[in-house]
>>> print(open('start16.csv').read())   # CSV, C-alpha atoms
chain,number,residue,atom,x,y,z
B,221,MET,CA,-53.7,-103.5,0.0
B,222,PRO,CA,-53.2,-106.0,-2.9
B,223,TRP,CA,-50.8,-104.9,-5.7
B,224,ASP,CA,-52.0,-104.4,-9.2
B,225,TRP,CA,-49.2,-106.1,-11.1
B,226,GLU,CA,-50.6,-105.5,-14.5
B,227,LYS,CA,-50.9,-101.8,-14.0
B,228,LEU,CA,-47.4,-101.7,-12.6
B,229,LYS,CA,-45.9,-103.4,-15.7
B,230,GLN,CA,-47.7,-101.0,-18.0
B,231,GLN,CA,-46.1,-98.0,-16.2
B,232,GLN,CA,-42.6,-99.6,-16.4
B,233,GLN,CA,-43.0,-100.1,-20.1
B,234,ARG,CA,-44.0,-96.5,-20.6
B,235,SER,CA,-41.0,-95.3,-18.6
B,236,SER,CA,-38.6,-97.5,-20.4
B,237,GLY,CA,-39.6,-97.3,-24.0
B,238,GLY,CA,-42.5,-95.0,-24.6
B,239,MET,CA,-43.2,-91.3,-23.9
B,240,PRO,CA,-46.0,-89.8,-21.7
B,241,PRO,CA,-49.2,-89.1,-23.6
B,242,GLN,CA,-48.9,-85.3,-22.8
B,243,VAL,CA,-45.5,-85.0,-24.4
B,244,ASP,CA,-46.7,-86.9,-27.5
B,245,GLU,CA,-49.6,-84.5,-27.8
B,246,VAL,CA,-47.3,-81.5,-27.7
B,247,VAL,CA,-44.9,-82.9,-30.3
B,248,ARG,CA,-47.8,-83.8,-32.5
B,249,LYS,CA,-49.3,-80.3,-32.3
B,250,PHE,CA,-45.8,-78.7,-32.9
B,251,LYS,CA,-45.3,-80.7,-36.0
B,252,GLN,CA,-48.7,-79.6,-37.3
B,253,MET,CA,-47.6,-75.9,-37.1
B,254,ASN,CA,-46.7,-74.5,-40.5
B,255,ARG,CA,-43.3,-73.1,-41.3
B,256,SER,CA,-44.4,-69.4,-41.4
B,257,GLY,CA,-45.6,-69.5,-37.8
B,258,ALA,CA,-42.2,-70.7,-36.6
B,259,TRP,CA,-40.5,-67.8,-38.5
B,260,ILE,CA,-42.8,-65.3,-36.9
B,261,ILE,CA,-41.9,-66.5,-33.4
B,262,VAL,CA,-38.2,-66.4,-34.2
B,263,LEU,CA,-38.6,-62.9,-35.6
B,264,ILE,CA,-40.4,-61.7,-32.5
B,265,ILE,CA,-37.6,-63.0,-30.3
B,266,ILE,CA,-35.0,-61.2,-32.4
B,267,LEU,CA,-37.0,-57.9,-32.2
B,268,VAL,CA,-37.3,-58.2,-28.5
B,269,TYR,CA,-33.6,-58.8,-28.1
B,270,LEU,CA,-32.7,-55.9,-30.4
B,271,GLY,CA,-35.1,-53.5,-28.7
B,272,SER,CA,-33.9,-54.4,-25.2
B,273,SER,CA,-30.2,-53.9,-26.2
B,274,ALA,CA,-30.7,-50.8,-28.4
B,275,PHE,CA,-32.5,-48.4,-26.0
B,276,TYR,CA,-31.0,-47.4,-22.7
B,277,THR,CA,-31.4,-44.7,-20.0
B,278,VAL,CA,-28.7,-42.6,-18.3
B,279,SER,CA,-29.5,-41.3,-14.8
B,280,VAL,CA,-29.2,-37.6,-13.8
B,281,ASP,CA,-25.9,-38.0,-12.0
B,282,GLU,CA,-24.3,-40.0,-14.8
B,283,VAL,CA,-23.1,-39.8,-18.4
B,284,GLY,CA,-22.9,-42.6,-20.9
B,285,VAL,CA,-19.7,-43.4,-22.7
B,286,VAL,CA,-20.5,-45.3,-26.0
B,287,GLN,CA,-18.0,-47.7,-27.6
B,288,ARG,CA,-18.4,-49.2,-31.1
B,289,PHE,CA,-16.5,-52.4,-31.5
B,290,GLY,CA,-14.4,-51.3,-28.5
B,291,ARG,CA,-13.5,-47.9,-29.8
B,292,TYR,CA,-14.8,-44.7,-28.2
B,293,VAL,CA,-17.5,-43.0,-30.2
B,294,ARG,CA,-19.3,-40.4,-28.1
B,295,THR,CA,-20.5,-39.3,-24.6
B,296,VAL,CA,-24.2,-38.9,-24.0
B,297,GLU,CA,-26.0,-36.8,-21.3
B,298,PRO,CA,-28.7,-38.1,-18.9
B,299,GLY,CA,-31.9,-39.3,-20.6
B,300,LEU,CA,-33.3,-42.0,-22.9
B,301,HIS,CA,-30.9,-42.8,-25.8
B,302,PHE,CA,-30.6,-45.3,-28.7
B,303,LYS,CA,-27.6,-47.3,-29.8
B,304,PHE,CA,-26.7,-50.2,-32.0
B,305,PRO,CA,-27.5,-53.6,-30.5
B,306,ARG,CA,-25.3,-55.4,-28.1
B,307,GLY,CA,-22.2,-56.7,-29.8
B,308,ILE,CA,-21.9,-53.6,-31.9
B,309,GLU,CA,-22.0,-50.7,-29.4
B,310,LYS,CA,-21.5,-50.8,-25.7
B,311,VAL,CA,-22.4,-48.2,-23.1
B,312,SER,CA,-20.4,-47.6,-19.9
B,313,LYS,CA,-22.2,-45.4,-17.3
B,314,VAL,CA,-20.0,-43.1,-15.2
B,315,ARG,CA,-21.2,-41.2,-12.1
B,316,VAL,CA,-19.7,-37.7,-12.6
B,317,ARG,CA,-21.6,-36.0,-9.8
B,318,HIS,CA,-20.9,-38.6,-7.1
B,319,VAL,CA,-18.2,-37.8,-4.6
B,320,TYR,CA,-15.9,-40.8,-4.1
B,321,LYS,CA,-13.4,-41.2,-1.2
B,322,GLU,CA,-10.3,-43.1,-0.5
B,323,GLU,CA,-9.1,-43.7,3.1
B,324,PHE,CA,-5.4,-44.0,4.1
B,325,GLY,CA,-4.1,-45.3,7.4
B,326,PHE,CA,-7.5,-46.6,8.4
B,327,ARG,CA,-10.7,-48.2,7.0
B,328,THR,CA,-14.4,-47.4,7.9
B,329,LEU,CA,-16.2,-50.6,8.7
B,330,ARG,CA,-19.6,-49.1,9.3
B,331,ALA,CA,-20.5,-45.4,9.1
B,332,GLY,CA,-23.2,-43.9,11.4
B,333,VAL,CA,-23.6,-42.1,14.7
B,334,ARG,CA,-21.0,-44.4,16.2
B,335,THR,CA,-18.7,-45.0,13.3
B,336,GLN,CA,-16.6,-48.2,13.5
B,337,TYR,CA,-13.1,-48.3,12.1
B,338,ALA,CA,-10.7,-51.1,11.4
B,339,SER,CA,-7.5,-51.5,13.3
B,340,ASP,CA,-5.0,-48.7,12.5
B,341,LYS,CA,-2.1,-51.1,12.9
B,342,ALA,CA,-3.1,-53.0,9.9
B,343,TYR,CA,-2.5,-49.9,7.7
B,344,ASP,CA,0.7,-48.6,9.2
B,345,ASP,CA,2.5,-49.0,5.9
B,346,GLU,CA,0.2,-46.2,4.5
B,347,SER,CA,0.3,-43.8,7.4
B,348,VAL,CA,3.7,-44.0,9.0
B,349,MET,CA,5.9,-41.3,7.5
B,350,LEU,CA,9.3,-39.6,8.1
B,351,THR,CA,9.1,-35.9,8.8
B,352,GLY,CA,11.6,-33.2,7.8
B,353,ASP,CA,13.3,-33.2,11.2
B,354,LEU,CA,13.8,-37.0,11.0
B,355,ASN,CA,10.9,-37.9,13.3
B,356,VAL,CA,8.3,-40.6,12.6
B,357,ALA,CA,4.6,-39.5,12.4
B,358,VAL,CA,1.4,-41.4,11.9
B,359,VAL,CA,-0.6,-39.4,9.3
B,360,PRO,CA,-4.1,-40.8,8.4
B,361,TRP,CA,-6.1,-38.9,5.8
B,362,ILE,CA,-9.0,-39.0,3.4
B,363,VAL,CA,-9.1,-38.1,-0.3
B,364,GLN,CA,-12.5,-37.0,-1.7
B,365,TYR,CA,-12.8,-36.7,-5.5
B,366,ARG,CA,-15.1,-36.6,-8.5
B,367,ILE,CA,-14.8,-37.8,-12.1
B,368,LYS,CA,-14.4,-34.8,-14.3
B,369,ASP,CA,-13.4,-36.5,-17.6
B,370,PRO,CA,-15.1,-39.9,-18.2
B,371,TYR,CA,-13.1,-40.6,-21.3
B,372,GLN,CA,-9.7,-40.2,-19.5
B,373,PHE,CA,-11.1,-42.1,-16.5
B,374,LEU,CA,-12.1,-45.1,-18.6
B,375,PHE,CA,-9.4,-45.3,-21.2
B,376,LYS,CA,-6.2,-43.5,-20.3
B,377,VAL,CA,-5.2,-45.4,-17.1
B,378,HIS,CA,-5.5,-49.1,-16.6
B,379,ASN,CA,-6.2,-49.1,-12.9
B,380,VAL,CA,-7.4,-45.6,-11.9
B,381,ARG,CA,-8.1,-46.4,-8.3
B,382,LYS,CA,-4.6,-47.9,-7.7
B,383,THR,CA,-3.0,-45.0,-9.5
B,384,LEU,CA,-5.0,-42.5,-7.3
B,385,ARG,CA,-3.9,-44.2,-4.1
B,386,ASP,CA,-0.3,-44.4,-5.1
B,387,LEU,CA,-0.1,-40.8,-6.2
B,388,SER,CA,-2.0,-39.7,-3.0
B,389,GLU,CA,0.5,-41.5,-0.8
B,390,ALA,CA,3.5,-40.1,-2.7
B,391,SER,CA,2.1,-36.5,-2.5
B,392,MET,CA,1.4,-36.7,1.2
B,393,ARG,CA,4.8,-38.2,2.0
B,394,MET,CA,6.5,-35.4,-0.1
B,395,VAL,CA,4.6,-32.7,1.8
B,396,VAL,CA,5.1,-34.2,5.2
B,397,GLY,CA,8.8,-34.8,4.5
B,398,ASP,CA,9.3,-31.0,4.2
B,399,ARG,CA,7.7,-30.3,7.6
B,400,SER,CA,8.8,-30.8,11.2
B,401,ILE,CA,6.9,-33.1,13.5
B,402,ASN,CA,5.3,-30.1,15.4
B,403,GLU,CA,4.1,-28.6,12.1
B,404,VAL,CA,2.7,-32.0,11.0
B,405,ILE,CA,0.7,-32.2,14.3
B,406,SER,CA,-0.4,-28.5,14.5
B,407,LYS,CA,-0.8,-27.4,10.9
B,408,ARG,CA,-2.9,-30.2,9.4
B,409,GLU,CA,-5.1,-27.9,7.3
B,410,GLU,CA,-2.1,-26.2,5.7
B,411,ILE,CA,-0.5,-29.5,4.9
B,412,ALA,CA,-3.8,-30.9,3.5
B,413,ASP,CA,-4.2,-27.9,1.1
B,414,GLU,CA,-0.6,-28.2,-0.1
B,415,ALA,CA,-1.0,-32.0,-0.6
B,416,ARG,CA,-4.2,-31.4,-2.6
B,417,GLY,CA,-2.4,-29.1,-5.0
B,418,VAL,CA,0.4,-31.5,-5.5
B,419,LEU,CA,-1.9,-34.5,-6.0
B,420,GLN,CA,-4.1,-32.7,-8.5
B,421,LYS,CA,-1.1,-31.7,-10.5
B,422,GLU,CA,0.1,-35.3,-10.7
B,423,LEU,CA,-3.4,-36.7,-11.5
B,424,ASP,CA,-3.7,-34.2,-14.4
B,425,ARG,CA,-0.3,-35.2,-15.7
B,426,ALA,CA,-1.3,-38.9,-15.6
B,427,GLN,CA,-4.6,-38.1,-17.4
B,428,THR,CA,-6.8,-39.8,-14.9
B,429,GLY,CA,-9.8,-37.6,-15.4
B,430,ILE,CA,-10.2,-37.1,-11.6
B,431,ASN,CA,-10.8,-33.8,-9.8
B,432,VAL,CA,-9.7,-33.8,-6.1
B,433,VAL,CA,-12.5,-32.1,-4.1
B,434,THR,CA,-10.7,-32.1,-0.7
B,435,ILE,CA,-8.1,-33.8,1.4
B,436,GLU,CA,-9.0,-34.2,5.1
B,437,MET,CA,-6.3,-35.1,7.6
B,438,LYS,CA,-7.3,-37.1,10.7
B,439,LYS,CA,-5.6,-36.8,14.1
B,440,THR,CA,-1.9,-36.9,13.6
B,441,ASN,CA,0.3,-38.4,16.2
B,442,VAL,CA,3.6,-40.3,16.8
B,443,PRO,CA,3.8,-44.1,17.0
B,444,GLY,CA,2.8,-45.7,20.3
B,445,PRO,CA,6.2,-46.9,21.5
B,446,VAL,CA,7.7,-43.4,21.4
B,447,GLN,CA,4.6,-41.6,22.6
B,448,SER,CA,5.9,-41.1,26.2
B,449,SER,CA,9.3,-39.9,25.1
B,450,PHE,CA,7.6,-37.5,22.6
B,451,ASN,CA,5.4,-36.1,25.4
B,452,GLU,CA,8.5,-35.5,27.6
B,453,VAL,CA,10.2,-33.7,24.7
B,454,ASN,CA,7.1,-31.6,24.2
B,455,GLN,CA,7.0,-30.7,27.9
B,456,ALA,CA,10.7,-29.7,27.8
B,457,ILE,CA,10.0,-27.6,24.7
B,458,GLN,CA,7.1,-25.9,26.4
B,459,GLU,CA,9.2,-25.3,29.5
B,460,ARG,CA,11.9,-23.7,27.4
B,461,GLU,CA,9.4,-21.5,25.6
B,462,ARG,CA,7.9,-20.5,29.0
B,463,MET,CA,11.3,-19.5,30.3
B,464,ILE,CA,12.1,-17.6,27.1
B,465,TYR,CA,8.8,-15.7,27.4
B,466,GLN,CA,9.5,-14.9,31.0
B,467,ALA,CA,13.0,-13.6,30.1
B,468,ARG,CA,11.6,-11.5,27.3
B,469,GLU,CA,9.0,-10.1,29.7
B,470,GLY,CA,11.7,-9.1,32.1
B,471,TYR,CA,13.8,-7.7,29.3
B,472,ASN,CA,10.8,-5.7,28.0
B,473,LYS,CA,10.2,-4.3,31.4
B,474,ALA,CA,13.9,-3.5,32.4
B,475,ILE,CA,15.3,-2.2,29.1
B,476,PRO,CA,12.6,0.4,28.3
B,477,ALA,CA,12.8,1.6,31.9
B,478,ALA,CA,16.6,1.9,31.7
B,479,ILE,CA,16.3,3.7,28.3
B,480,GLY,CA,13.7,6.1,29.8
B,481,ASN,CA,15.9,6.8,32.8
B,482,ALA,CA,18.9,7.4,30.5
B,483,GLU,CA,16.9,9.7,28.3
B,484,LYS,CA,15.6,11.5,31.5
B,485,THR,CA,19.2,12.0,32.8
B,486,ILE,CA,20.4,13.2,29.4
B,487,LYS,CA,17.5,15.7,29.1
B,488,ALA,CA,18.2,16.9,32.7
B,489,ALA,CA,21.9,17.3,31.9
B,490,GLU,CA,21.1,19.1,28.7
B,491,GLY,CA,18.8,21.4,30.6
B,492,TYR,CA,21.4,22.0,33.3
B,493,ALA,CA,24.0,22.7,30.7
B,494,LEU,CA,21.7,25.1,28.9
B,495,ASP,CA,20.9,26.9,32.2
B,496,ARG,CA,24.5,27.2,33.1
B,497,VAL,CA,25.5,28.5,29.7
B,498,ASN,CA,22.7,31.0,29.7
B,499,ARG,CA,23.6,32.1,33.2
B,500,ALA,CA,27.2,32.4,32.2
B,501,LYS,CA,26.3,34.4,29.2
B,502,GLY,CA,24.0,36.7,31.3
B,503,ASP,CA,26.7,37.1,33.9
B,504,ALA,CA,29.3,37.9,31.2
B,505,ALA,CA,27.0,40.4,29.6
B,506,ARG,CA,26.3,42.0,32.9
B,507,PHE,CA,30.0,42.1,33.8
B,508,VAL,CA,30.7,43.7,30.4
B,509,ALA,CA,28.0,46.3,30.9
B,510,GLN,CA,29.4,47.0,34.4
B,511,TYR,CA,32.9,47.3,33.0
B,512,ARG,CA,31.8,49.7,30.4
B,513,ALA,CA,30.0,51.8,33.0
B,514,TYR,CA,33.0,51.6,35.2
B,515,ALA,CA,35.3,52.8,32.4
B,516,LYS,CA,33.1,55.8,31.9
B,517,ALA,CA,32.8,56.8,35.6
B,518,LYS,CA,35.2,54.9,37.8
B,519,ASP,CA,34.5,56.6,41.2
B,520,VAL,CA,30.7,56.5,40.9
B,521,THR,CA,30.7,53.0,39.6
B,522,ARG,CA,33.1,51.8,42.3
B,523,ARG,CA,31.0,53.4,45.1
B,524,ARG,CA,27.7,52.0,43.6
B,525,LEU,CA,29.2,48.5,43.4
B,526,TYR,CA,30.4,48.8,47.0
B,527,LEU,CA,27.0,49.9,48.2
B,528,GLU,CA,25.2,47.2,46.3
B,529,ALA,CA,27.5,44.6,47.8
B,530,LEU,CA,26.9,45.9,51.3
B,531,LYS,CA,23.2,46.0,50.6
B,532,GLY,CA,23.3,42.3,49.9
B,533,VAL,CA,25.5,41.5,52.9
B,534,PHE,CA,24.0,43.6,55.7
B,535,PRO,CA,20.6,41.9,55.8
B,536,LYS,CA,22.3,38.6,56.6
B,537,MET,CA,24.3,39.9,59.5
B,538,GLY,CA,21.5,40.2,62.0
B,539,LYS,CA,21.7,43.0,64.6
B,540,LYS,CA,24.4,45.5,64.0
B,541,TYR,CA,25.9,48.0,66.5
B,542,VAL,CA,27.9,50.9,65.1
B,543,ILE,CA,30.2,52.7,67.6
B,544,ASP,CA,33.0,55.0,67.3
B,545,ALA,CA,36.4,53.5,67.3
B,546,ASP,CA,37.6,56.1,69.8
B,547,GLN,CA,34.7,55.5,72.2
B,548,LYS,CA,35.9,54.5,75.8
B,549,GLY,CA,34.1,53.1,78.8
B,550,ILE,CA,31.4,51.0,77.4
B,551,LEU,CA,29.1,49.6,80.0
B,552,PRO,CA,30.0,46.0,81.0
B,553,PHE,CA,26.4,44.7,80.7
B,554,LEU,CA,26.6,45.0,77.0
B,555,ASP,CA,28.7,42.1,75.8
B,556,LEU,CA,29.5,42.7,72.2
B,557,THR,CA,32.0,39.9,72.0
B,558,LYS,CA,29.5,37.0,72.3
B,559,GLU,CA,26.7,36.1,70.0
B,560,GLN,CA,23.3,36.7,71.6
B,561,GLY,CA,20.9,33.7,71.9
B,562,GLY,CA,17.4,33.7,70.6
B,563,THR,CA,15.9,34.1,74.0
B,564,GLY,CA,18.1,36.9,75.0
B,565,LYS,CA,17.1,39.3,72.3
>>> encode(input="start16.csv", output="structure tokens")
Amino acid sequence: MPWDWEKLKQQQQRSSGGMPPQVDEVVRKFKQMNRSGAWIIVLIIILVYLGSSAFYTVSVDEVGVVQRFGRYVRTVEPGLHFKFPRGIEKVSKVRVRHVYKEEFGFRTLRAGVRTQYASDKAYDDESVMLTGDLNVAVVPWIVQYRIKDPYQFLFKVHNVRKTLRDLSEASMRMVVGDRSINEVISKREEIADEARGVLQKELDRAQTGINVVTIEMKKTNVPGPVQSSFNEVNQAIQERERMIYQAREGYNKAIPAAIGNAEKTIKAAEGYALDRVNRAKGDAARFVAQYRAYAKAKDVTRRRLYLEALKGVFPKMGKKYVIDADQKGILPFLDLTKEQGGTGK
């Protein structure tokens, strides 16, 4: 295809010195516009700018904090509101109904059915604590909170999140430092409630504008290198407790039985003593009565006592043979000197 050198030169001249015909046409038409039309365009642009920066909307879970030249002016509720244009008044929206959370000792990489967590060893400086009995425990926990005072949250503390984390860690370490390692492992809910109260008190004192909803403690344990030794100690403690319970069980069985037997023996002795005393009093009274009767009629009373004594003795003597002392010549087949057997009667 042959080159059109004349046409090519014309294009080079236009690119080097002249302007395209379309641009020339635009410039010419713009110059033809009157001065009032330009002011109308500028005015429209200014009105659009002012309207876009003067009206704003606050969502249902937020409040708006308005500043005028950097100074706090007011707090507005959800809805459509008006303010002075940008540069005069500024609105900061704060989510007061949203529940925020801070994690200590671990980080959640992705939440879901199978939640993924970051390595716990990377956050040992947050979770490793010294307990009251001088043991080391790994205590991960979560702080959930809301913003209750937007003014304090925005203006009273420079870095609210860092302040919250520092106070949370200090509160938890103080509470854990007053408990034994077994209490830290087994009484997590009690420790979490106490730490929440301490943390809320410190946050209010610092004027952070934060309300702690709850503190949730995760699984508490001891560091990995001492886990085996700690398990052995726990087994020894459990064995000791088991032996103590067995000893208490034997004690509870033996001591009450011994006390019951002692009380039974005492009651029997008291009954026997009472019986002997009563019998002695009865015998003494009977003897006194007999003596009085004997004093009144000695012969009759002596004979009656003799007969009563024989009446009690004779039935126990078996067969009795009464013979005259002067009797002679008793038949030899009647042997009175030997006791008769049961078959010979």
>>> closest_atom_pairs(input="start16.csv", of="range 261-325 of chain B", to="range 384-389 of chain B", cutoff="9 Å", atoms="all atoms listed in the file", output="Markdown table")
| residue | atom | partner | partner_atom | distance |
| --- | --- | --- | --- | --- |
| B:Glu322 | CA | B:Arg385 | CA | 7.4 |
| B:Glu323 | CA | B:Arg385 | CA | 8.9 |
| B:Phe324 | CA | B:Glu389 | CA | 8.1 |
>>> write_last_selection(input="start16.csv", atoms="C-alpha atoms", output="short mmCIF file (atom, residue, chain, number, x, y, z; two decimals), in the coordinates of the input")
data_model
loop_
_atom_site.label_atom_id
_atom_site.label_comp_id
_atom_site.auth_asym_id
_atom_site.auth_seq_id
_atom_site.Cartn_x
_atom_site.Cartn_y
_atom_site.Cartn_z
CA GLU B 322 -10.30 -43.10 -0.50
CA GLU B 323 -9.10 -43.70 3.10
CA PHE B 324 -5.40 -44.00 4.10
#
>>> residues_around(input="start16.csv", residues="Leu354 in chain B", least_positions_apart="5", cutoff="12 Å", atoms="only C-alpha atoms", output="list in words")
Met349, Val396, Gly397, Asp398, Arg399, Ser400, Ile401 and Asn402 of chain B
>>> write_last_selection(input="start16.csv", atoms="C-alpha atoms", output="PDB file, in the frame of the given file")
ATOM      1  CA  MET B 349       5.900 -41.300   7.500  1.00  0.00           C
ATOM      2  CA  VAL B 396       5.100 -34.200   5.200  1.00  0.00           C
ATOM      3  CA  GLY B 397       8.800 -34.800   4.500  1.00  0.00           C
ATOM      4  CA  ASP B 398       9.300 -31.000   4.200  1.00  0.00           C
ATOM      5  CA  ARG B 399       7.700 -30.300   7.600  1.00  0.00           C
ATOM      6  CA  SER B 400       8.800 -30.800  11.200  1.00  0.00           C
ATOM      7  CA  ILE B 401       6.900 -33.100  13.500  1.00  0.00           C
ATOM      8  CA  ASN B 402       5.300 -30.100  15.400  1.00  0.00           C
TER       9      ASN B 402
END
>>> closest_atom_pairs(input="start16.csv", of="range 435-511 of chain B", to="range 356-366 of chain B", cutoff="9 Å", atoms="only C-alpha atoms", output="CSV")
residue,atom,partner,partner_atom,distance
B:Ile435,CA,B:Val363,CA,4.7
B:Glu436,CA,B:Ile362,CA,5.1
B:Met437,CA,B:Trp361,CA,4.2
B:Lys438,CA,B:Trp361,CA,5.4
B:Lys439,CA,B:Pro360,CA,7.1
B:Thr440,CA,B:Val359,CA,5.1
B:Asn441,CA,B:Val358,CA,5.4
B:Val442,CA,B:Ala357,CA,4.6
B:Pro443,CA,B:Val358,CA,6.2
>>> write_last_selection(input="start16.csv", atoms="C-alpha atoms", output="PDB file, in the coordinates of the input")
ATOM      1  CA  ILE B 435      -8.100 -33.800   1.400  1.00  0.00           C
ATOM      2  CA  GLU B 436      -9.000 -34.200   5.100  1.00  0.00           C
ATOM      3  CA  MET B 437      -6.300 -35.100   7.600  1.00  0.00           C
ATOM      4  CA  LYS B 438      -7.300 -37.100  10.700  1.00  0.00           C
ATOM      5  CA  LYS B 439      -5.600 -36.800  14.100  1.00  0.00           C
ATOM      6  CA  THR B 440      -1.900 -36.900  13.600  1.00  0.00           C
ATOM      7  CA  ASN B 441       0.300 -38.400  16.200  1.00  0.00           C
ATOM      8  CA  VAL B 442       3.600 -40.300  16.800  1.00  0.00           C
ATOM      9  CA  PRO B 443       3.800 -44.100  17.000  1.00  0.00           C
TER      10      PRO B 443
END
>>> residues_around(input="start16.csv", residues="Asp281 in chain B", least_positions_apart="4", cutoff="8 Å", atoms="only C-alpha atoms", output="MDAnalysis selection string")
chainID B and resid 298 315:318
>>> decode(input="start16.csv", residues="range 416-429 of chain B", atoms="N, CA and C atoms", output="CSV table (one decimal), in the first residue's frame")
chain,number,residue,atom,x,y,z
B,416,ARG,N,-15.3,-9.4,86.2
B,416,ARG,CA,-16.2,-8.4,85.5
B,416,ARG,C,-16.5,-7.2,86.4
B,417,GLY,N,-16.8,-7.5,87.7
B,417,GLY,CA,-17.0,-6.4,88.6
B,417,GLY,C,-15.8,-5.5,88.8
B,418,VAL,N,-14.7,-6.1,88.9
B,418,VAL,CA,-13.4,-5.3,89.0
B,418,VAL,C,-13.2,-4.5,87.8
B,419,LEU,N,-13.3,-5.1,86.6
B,419,LEU,CA,-13.1,-4.4,85.3
B,419,LEU,C,-14.1,-3.2,85.1
B,420,GLN,N,-15.4,-3.5,85.4
B,420,GLN,CA,-16.3,-2.4,85.2
B,420,GLN,C,-16.0,-1.2,86.2
B,421,LYS,N,-15.6,-1.5,87.4
B,421,LYS,CA,-15.3,-0.4,88.3
B,421,LYS,C,-14.1,0.4,87.8
B,422,GLU,N,-13.1,-0.2,87.2
B,422,GLU,CA,-11.9,0.5,86.7
B,422,GLU,C,-12.3,1.2,85.4
B,423,LEU,N,-13.1,0.7,84.5
B,423,LEU,CA,-13.6,1.4,83.3
B,423,LEU,C,-14.4,2.6,83.7
B,424,ASP,N,-15.2,2.5,84.6
B,424,ASP,CA,-16.0,3.7,85.1
B,424,ASP,C,-15.1,4.8,85.6
B,425,ARG,N,-14.1,4.4,86.4
B,425,ARG,CA,-13.1,5.3,86.9
B,425,ARG,C,-12.3,6.0,85.8
B,426,ALA,N,-12.0,5.3,84.8
B,426,ALA,CA,-11.3,5.9,83.7
B,426,ALA,C,-12.1,6.7,82.7
B,427,GLN,N,-13.5,6.6,82.9
B,427,GLN,CA,-14.4,7.4,82.0
B,427,GLN,C,-14.3,6.9,80.6
B,428,THR,N,-14.3,5.6,80.4
B,428,THR,CA,-14.3,5.1,79.0
B,428,THR,C,-15.6,5.0,78.3
B,429,GLY,N,-16.7,5.1,79.1
B,429,GLY,CA,-18.0,5.0,78.5
B,429,GLY,C,-18.4,3.6,78.0
